[in-house]
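Peer 1: So that you have it, the file is protein19.pdb, and it contains PDB, C-alpha atoms:
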ATOM      1  CA  MET A1481       4.508   8.967 -28.091
ATOM      2  CA  SER A1482       4.976  11.393 -25.222
ATOM      3  CA  ALA A1483       2.381  11.273 -22.449
ATOM      4  CA  GLU A1484       2.895  14.949 -21.699
ATOM      5  CA  PRO A1485       0.375  17.415 -23.145
ATOM      6  CA  ARG A1486       1.309  19.926 -25.808
ATOM      7  CA  ILE A1487       1.901  23.423 -24.508
ATOM      8  CA  ASN A1488       2.220  26.922 -26.008
ATOM      9  CA  ASP A1489       3.683  26.975 -29.534
ATOM     10  CA  ARG A1490       3.646  23.165 -29.747
ATOM     11  CA  ILE A1491      -0.146  23.349 -30.096
ATOM     12  CA  ARG A1492      -0.946  23.232 -33.837
ATOM     13  CA  VAL A1493      -4.678  23.909 -34.325
ATOM     14  CA  PRO A1494      -6.498  26.987 -35.671
ATOM     15  CA  GLU A1495      -8.719  27.453 -32.607
ATOM     16  CA  VAL A1496      -9.202  26.074 -29.083
ATOM     17  CA  ARG A1497     -11.863  25.943 -26.403
ATOM     18  CA  LEU A1498     -10.179  28.009 -23.710
ATOM     19  CA  VAL A1499     -10.449  27.571 -19.939
ATOM     20  CA  GLY A1500      -9.171  30.417 -17.773
ATOM     21  CA  PRO A1501      -6.691  30.119 -14.868
ATOM     22  CA  SER A1502      -9.500  29.855 -12.312
ATOM     23  CA  GLY A1503     -11.415  27.234 -14.289
ATOM     24  CA  GLU A1504     -13.780  29.722 -15.929
ATOM     25  CA  GLN A1505     -14.980  29.007 -19.476
ATOM     26  CA  VAL A1506     -13.638  31.626 -21.902
ATOM     27  CA  GLY A1507     -15.093  29.945 -24.989
ATOM     28  CA  ILE A1508     -13.772  29.071 -28.450
ATOM     29  CA  VAL A1509     -10.995  31.447 -29.486
ATOM     30  CA  PRO A1510      -8.301  31.492 -32.219
ATOM     31  CA  LEU A1511      -5.028  29.887 -31.133
ATOM     32  CA  ALA A1512      -3.198  33.201 -31.572
ATOM     33  CA  LYS A1513      -5.622  34.899 -29.158
ATOM     34  CA  ALA A1514      -5.192  32.086 -26.589
ATOM     35  CA  LEU A1515      -1.393  32.395 -26.773
ATOM     36  CA  GLU A1516      -1.694  36.157 -26.390
ATOM     37  CA  LEU A1517      -3.797  35.749 -23.232
ATOM     38  CA  ALA A1518      -1.265  33.247 -21.867
ATOM     39  CA  GLN A1519       1.476  35.873 -22.265
ATOM     40  CA  GLU A1520      -0.676  38.537 -20.580
ATOM     41  CA  TYR A1521      -1.267  36.297 -17.545
ATOM     42  CA  ASP A1522       2.366  35.087 -17.602
ATOM     43  CA  LEU A1523       1.057  31.523 -17.813
ATOM     44  CA  ASP A1524       1.270  28.565 -20.191
ATOM     45  CA  LEU A1525      -1.364  27.439 -22.660
ATOM     46  CA  VAL A1526      -1.783  23.709 -21.967
ATOM     47  CA  GLU A1527      -3.790  21.298 -24.120
ATOM     48  CA  VAL A1528      -5.880  19.281 -21.617
ATOM     49  CA  ALA A1529      -8.265  17.484 -24.013
ATOM     50  CA  ALA A1530      -6.561  16.921 -27.353
ATOM     51  CA  ASN A1531      -9.332  14.725 -28.808
ATOM     52  CA  ALA A1532     -12.101  17.293 -28.300
ATOM     53  CA  ARG A1533     -13.273  19.363 -31.261
ATOM     54  CA  PRO A1534     -11.872  21.958 -30.928
ATOM     55  CA  PRO A1535      -9.199  20.831 -28.415
ATOM     56  CA  VAL A1536      -9.625  22.134 -24.864
ATOM     57  CA  CYS A1537      -6.744  24.246 -23.547
ATOM     58  CA  LYS A1538      -6.236  25.792 -20.135
ATOM     59  CA  LEU A1539      -4.167  28.706 -18.893
ATOM     60  CA  MET A1540      -1.910  27.518 -16.055
ATOM     61  CA  ASP A1541       1.598  27.539 -14.615
ATOM     62  CA  TYR A1542       2.664  24.258 -16.185
ATOM     63  CA  GLY A1543       5.911  23.950 -14.212
ATOM     64  CA  LYS A1544       4.047  24.331 -10.912
ATOM     65  CA  PHE A1545       1.332  21.936 -12.117
ATOM     66  CA  LYS A1546       3.919  19.250 -12.988
ATOM     67  CA  TYR A1547       5.662  19.652  -9.622
ATOM     68  CA  GLU A1548       2.424  19.391  -7.627
ATOM     69  CA  SER A1549       1.297  16.369  -9.673
ATOM     70  CA  ALA A1550       4.623  14.625  -9.045
ATOM     71  CA  MET A1551       4.375  15.316  -5.298
ATOM     72  CA  LYS A1552       0.811  13.964  -5.153
ATOM     73  CA  ALA A1553       1.835  10.814  -7.035
ATOM     74  CA  ARG A1554       4.793  10.339  -4.706
ATOM     75  CA  GLU A1555       2.585  10.730  -1.622
ATOM     76  CA  ALA A1556       0.046   8.277  -3.057
ATOM     77  CA  ARG A1557       2.786   5.685  -3.648
ATOM     78  CA  LYS A1558       4.111   6.249  -0.125
ATOM     79  CA  ASN A1559       0.694   5.611   1.429
ATOM     80  CA  GLN A1560      -0.221   2.792  -0.899
ATOM     81  CA  ALA A1561      -0.519  -0.533   0.856
ATOM     82  CA  HIS A1562      -0.098  -3.806  -0.967
ATOM     83  CA  THR A1563      -1.858  -6.680   0.757
ATOM     84  CA  VAL A1564       0.551  -9.582   1.000
ATOM     85  CA  ILE A1565      -0.482 -13.190   1.597
ATOM     86  CA  LYS A1566       2.072 -14.980   3.763
ATOM     87  CA  GLU A1567       2.054 -18.751   4.022
ATOM     88  CA  MET A1568       2.662 -20.939   7.054
ATOM     89  CA  LYS A1569       2.832 -24.751   6.812
ATOM     90  CA  LEU A1570       2.109 -27.093   9.710
ATOM     91  CA  ARG A1571       1.845 -30.843  10.252
ATOM     92  CA  PRO A1572      -1.220 -32.342  12.002
ATOM     93  CA  LYS A1573       0.907 -33.818  14.822
ATOM     94  CA  ILE A1574       3.047 -30.748  15.460
ATOM     95  CA  ASP A1575       4.999 -30.585  18.733
ATOM     96  CA  PRO A1576       4.193 -27.744  21.196
ATOM     97  CA  HIS A1577       7.472 -25.851  20.720
ATOM     98  CA  ASP A1578       7.175 -25.902  16.920
ATOM     99  CA  TYR A1579       3.538 -24.807  17.208
ATOM    100  CA  ASP A1580       4.489 -21.819  19.375
ATOM    101  CA  THR A1581       7.189 -20.825  16.874
ATOM    102  CA  LYS A1582       4.792 -21.028  13.919
ATOM    103  CA  LYS A1583       2.105 -19.161  15.872
ATOM    104  CA  GLY A1584       4.638 -16.411  16.601
ATOM    105  CA  HIS A1585       5.224 -15.957  12.871
ATOM    106  CA  VAL A1586       1.463 -15.782  12.238
ATOM    107  CA  VAL A1587       1.096 -13.153  14.986
ATOM    108  CA  ARG A1588       3.893 -11.069  13.408
ATOM    109  CA  PHE A1589       2.320 -11.278   9.938
ATOM    110  CA  LEU A1590      -1.109 -10.235  11.214
ATOM    111  CA  LYS A1591       0.398  -7.320  13.172
ATOM    112  CA  GLN A1592       1.998  -6.154   9.921
ATOM    113  CA  GLY A1593      -1.461  -6.135   8.299
ATOM    114  CA  ASP A1594      -0.799  -9.158   6.061
ATOM    115  CA  LYS A1595      -3.090 -12.089   5.360
ATOM    116  CA  VAL A1596      -1.833 -15.544   6.313
ATOM    117  CA  LYS A1597      -2.554 -18.758   4.436
ATOM    118  CA  ILE A1598      -2.264 -21.693   6.853
ATOM    119  CA  THR A1599      -1.603 -25.063   5.213
ATOM    120  CA  ILE A1600      -1.851 -28.361   7.100
ATOM    121  CA  MET A1601       0.155 -31.012   5.252
ATOM    122  CA  PHE A1602      -1.092 -34.601   5.620
ATOM    123  CA  ARG A1603       1.219 -37.545   5.014
ATOM    124  CA  GLY A1604       0.416 -41.251   4.705
ATOM    125  CA  ARG A1605      -2.242 -42.413   7.167
ATOM    126  CA  GLU A1606      -2.757 -38.847   8.390
ATOM    127  CA  GLN A1607      -4.929 -38.313   5.335
ATOM    128  CA  SER A1608      -7.641 -40.468   6.921
ATOM    129  CA  ARG A1609      -7.760 -38.119   9.952
ATOM    130  CA  PRO A1610      -8.755 -34.695   8.519
ATOM    131  CA  GLU A1611     -10.319 -33.767  11.871
ATOM    132  CA  LEU A1612      -6.782 -33.443  13.308
ATOM    133  CA  GLY A1613      -5.988 -30.701  10.823
ATOM    134  CA  PHE A1614      -9.349 -29.021  11.345
ATOM    135  CA  ARG A1615      -8.897 -28.913  15.126
ATOM    136  CA  LEU A1616      -5.371 -27.507  14.744
ATOM    137  CA  LEU A1617      -6.597 -24.733  12.456
ATOM    138  CA  GLN A1618      -9.442 -23.886  14.826
ATOM    139  CA  ARG A1619      -6.986 -23.752  17.753
ATOM    140  CA  LEU A1620      -4.647 -21.435  15.861
ATOM    141  CA  ALA A1621      -7.520 -19.145  14.831
ATOM    142  CA  GLU A1622      -8.641 -18.898  18.473
ATOM    143  CA  ASP A1623      -5.087 -18.192  19.681
ATOM    144  CA  VAL A1624      -4.738 -15.194  17.339
ATOM    145  CA  GLN A1625      -8.357 -13.971  17.314
ATOM    146  CA  GLU A1626      -7.361 -10.597  18.823
ATOM    147  CA  LEU A1627      -5.222  -9.885  15.752
ATOM    148  CA  GLY A1628      -7.045 -11.678  12.944
ATOM    149  CA  PHE A1629     -10.171 -13.469  11.819
ATOM    150  CA  ILE A1630     -10.970 -16.474   9.623
ATOM    151  CA  GLU A1631     -11.351 -15.044   6.134
ATOM    152  CA  SER A1632     -11.563 -18.427   4.408
ATOM    153  CA  ASN A1633     -12.793 -21.434   6.395
ATOM    154  CA  PRO A1634     -10.709 -24.620   6.502
ATOM    155  CA  LYS A1635     -11.127 -26.714   3.364
ATOM    156  CA  GLN A1636      -9.493 -29.838   1.989
ATOM    157  CA  ASP A1637      -7.237 -29.358  -1.028
ATOM    158  CA  GLY A1638      -5.821 -32.717  -2.070
ATOM    159  CA  ARG A1639      -3.400 -33.823   0.655
ATOM    160  CA  ASN A1640      -3.558 -30.442   2.345
ATOM    161  CA  MET A1641      -6.095 -28.497   4.378
ATOM    162  CA  ILE A1642      -6.074 -24.718   3.924
ATOM    163  CA  MET A1643      -7.404 -21.769   5.925
ATOM    164  CA  VAL A1644      -6.832 -18.049   5.364
ATOM    165  CA  LEU A1645      -6.610 -15.575   8.247
ATOM    166  CA  GLY A1646      -7.197 -11.876   7.632
ATOM    167  CA  PRO A1647      -5.822  -9.082   9.872
ATOM    168  CA  HIS A1648      -8.150  -6.831  11.857
ATOM    169  CA  LYS A1649      -5.836  -3.901  11.095
ATOM    170  CA  LYS A1650      -5.492  -2.524   7.605
ATOM    171  CA  LYS A1651      -2.026  -2.540   6.074
ATOM    172  CA  THR A1652      -1.912   1.277   6.102
ATOM    173  CA  GLU A1653      -2.709   1.353   9.842
ATOM    174  CA  ALA A1654      -0.012  -1.237  10.591
ATOM    175  CA  MET A1655       2.535   0.736   8.546
ATOM    176  CA  ALA A1656       1.613   3.993  10.335
ATOM    177  CA  GLU A1657       1.929   2.357  13.758
ATOM    178  CA  ALA A1658       5.305   0.878  12.825
ATOM    179  CA  ARG A1659       6.554   4.325  11.745
ATOM    180  CA  GLN A1660       5.292   5.875  15.007
ATOM    181  CA  ALA A1661       6.973   3.163  17.091
ATOM    182  CA  GLN A1662      10.236   3.654  15.224
ATOM    183  CA  ALA A1663      10.084   7.418  15.764
ATOM    184  CA  ALA A1664       9.354   6.890  19.473
ATOM    185  CA  ARG A1665      12.371   4.565  19.806
ATOM    186  CA  LYS A1666      14.641   7.122  18.133
ATOM    187  CA  GLU A1667      13.303   9.865  20.415
ATOM    188  CA  ALA A1668      13.916   7.704  23.483
ATOM    189  CA  GLN A1669      17.475   6.981  22.345
ATOM    190  CA  ARG A1670      18.148  10.701  21.852
ATOM    191  CA  GLY A1671      16.746  11.460  25.303
ATOM    192  CA  ALA A1672      18.897   8.790  26.953
ATOM    193  CA  ALA A1673      22.159   9.929  25.327
ATOM    194  CA  PRO A1674      22.623  13.250  27.265
ATOM    195  CA  ALA A1675      21.830  11.539  30.591
ATOM    196  CA  GLU A1676      24.540   8.967  29.989
ATOM    197  CA  SER A1677      27.122  11.562  28.901
ATOM    198  CA  ALA A1678      26.324  13.689  31.965
ATOM    199  CA  GLU A1679      27.625  10.997  34.313
ATOM    200  CA  GLU A1680      31.180  11.733  35.341
ATOM    201  CA  PRO A1681      33.599   8.987  36.343
ATOM    202  CA  ALA A1682      34.128   8.798  40.081
ATOM    203  CA  GLU A1683      37.487   9.976  41.346
ATOM    204  CA  ALA A1684      39.785   7.330  42.685
TER
END
Have the structure of the file written as structure tokens, please.

Peer 2:
Amino acid sequence: MSAEPRINDRIRVPEVRLVGPSGEQVGIVPLAKALELAQEYDLDLVEVAANARPPVCKLMDYGKFKYESAMKAREARKNQAHTVIKEMKLRPKIDPHDYDTKKGHVVRFLKQGDKVKITIMFRGREQSRPELGFRLLQRLAEDVQELGFIESNPKQDGRNMIMVLGPHKKKTEAMAEARQAQAARKEAQRGAAPAESAEEPAEA
């Protein structure tokens, strides 16, 4: 079945409840009269509520309506932000360099407006020292507190300990800032190009 409404001569009912081009209620009129009015206004008769009794039809420029609806839907998709949960895995006895690398990834994810699931993986005897994992998670949360907050407190999950960090910035804000930064970089590159080309090679 087509999702598009019936328009003009595709409408097959004896009478309709007619809505004018400005949203005014015309009332119940014979279909022939509604089609006649559509021709007078140079508009389309569009069935907007097929299940009503009688069906509700409106006078409108259907081509323009479809175009504007498509543009609105496109803009909505463009601005839509899907929250993504990234995952970062650490060991309780992580070395400083590896910790800094992992923390850098967490910082990048939070700046992008994504949530981060931090998993501490315990092995062997480490399982008897859950406080090591707890302290590591607390340290990481403090190190990135300017960018994110603890959305889900550390909790034991079998051999692992899990914490979820949420970003302070919304995904839409992070996306907008990224677009602005990209535009600024392009503008700076364009501004630098003429200056470079203006330099003439020195004569020997």

Peer 1: Evaluate the PyMOL selection byres ((chain A and resi 1599-1613) around 7) on the structure here and hand back the selected residues as a list in words.

Peer 2: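 Written out, the selection comes to Met1568, Lys1569, Leu1570, Arg1571, Pro1572, Lys1597, Ile1598, Phe1614, Arg1615, Leu1616, Leu1617, Arg1639, Asn1640, Met1641, Ile1642 and Met1643 of chain A.
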
Peer 1: What gap, in Å, lies between CA of Gly1500 (chain A) and CA of Arg1533 (chain A)?

Peer 2: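 Going from CA of Gly1500 (chain A) over to CA of Arg1533 (chain A) covers 17.9 Å.
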
Peer 1: Can you work out the spacing between CA of Asp1594 (chain A) and CA of Gly1646 (chain A) in Å, to one decimal?

Peer 2: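 About the pair CA of Asp1594 (chain A) and CA of Gly1646 (chain A): they are 7.1 Å apart.
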
Peer 1: What is the distance between CA of Ala1664 (chain A) and CA of Val1624 (chain A), in Å to one decimal?

Peer 2: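 Going from CA of Ala1664 (chain A) over to CA of Val1624 (chain A) covers 26.3 Å.
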
Peer 1: Considering only C-alpha atoms, return as a list in words whatever protein or nucleic-acid residues lie within 10 Å of Lys1566 (chain A), sequence-local ones (same chain, fewer than 4 positions apart) excluded.

Peer 2: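 Those residues are His1585, Val1586, Phe1589, Leu1590, Asp1594, Lys1595, Val1596, Lys1597, Ile1598, Val1644 and Leu1645 of chain A.
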
Peer 1: Applied to the shown file, which residues does the PyMOL selection byres ((chain A and resi 1499) around 10) return, written as a count of residues only?

Peer 2: 21

Peer 1: Run the PyMOL selection byres ((chain A and resi 1494) around 7) mentally over the shown coordinates, then write out the matched residues as a list in words, using the chain letters and numbers from the document.

Peer 2: Arg1492, Val1493, Glu1495, Pro1510 and Leu1511 of chain A

Peer 1: Rank A:Arg1659, A:Lys1573, A:Lys1558, A:Arg1588 by their smallest atom-to-atom distance to Gly1628 (chain A), using all atoms listed in the file, and report the top residue only.

Peer 2: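 Checking each candidate against Gly1628 (chain A), we get A:Arg1588 as the closest.
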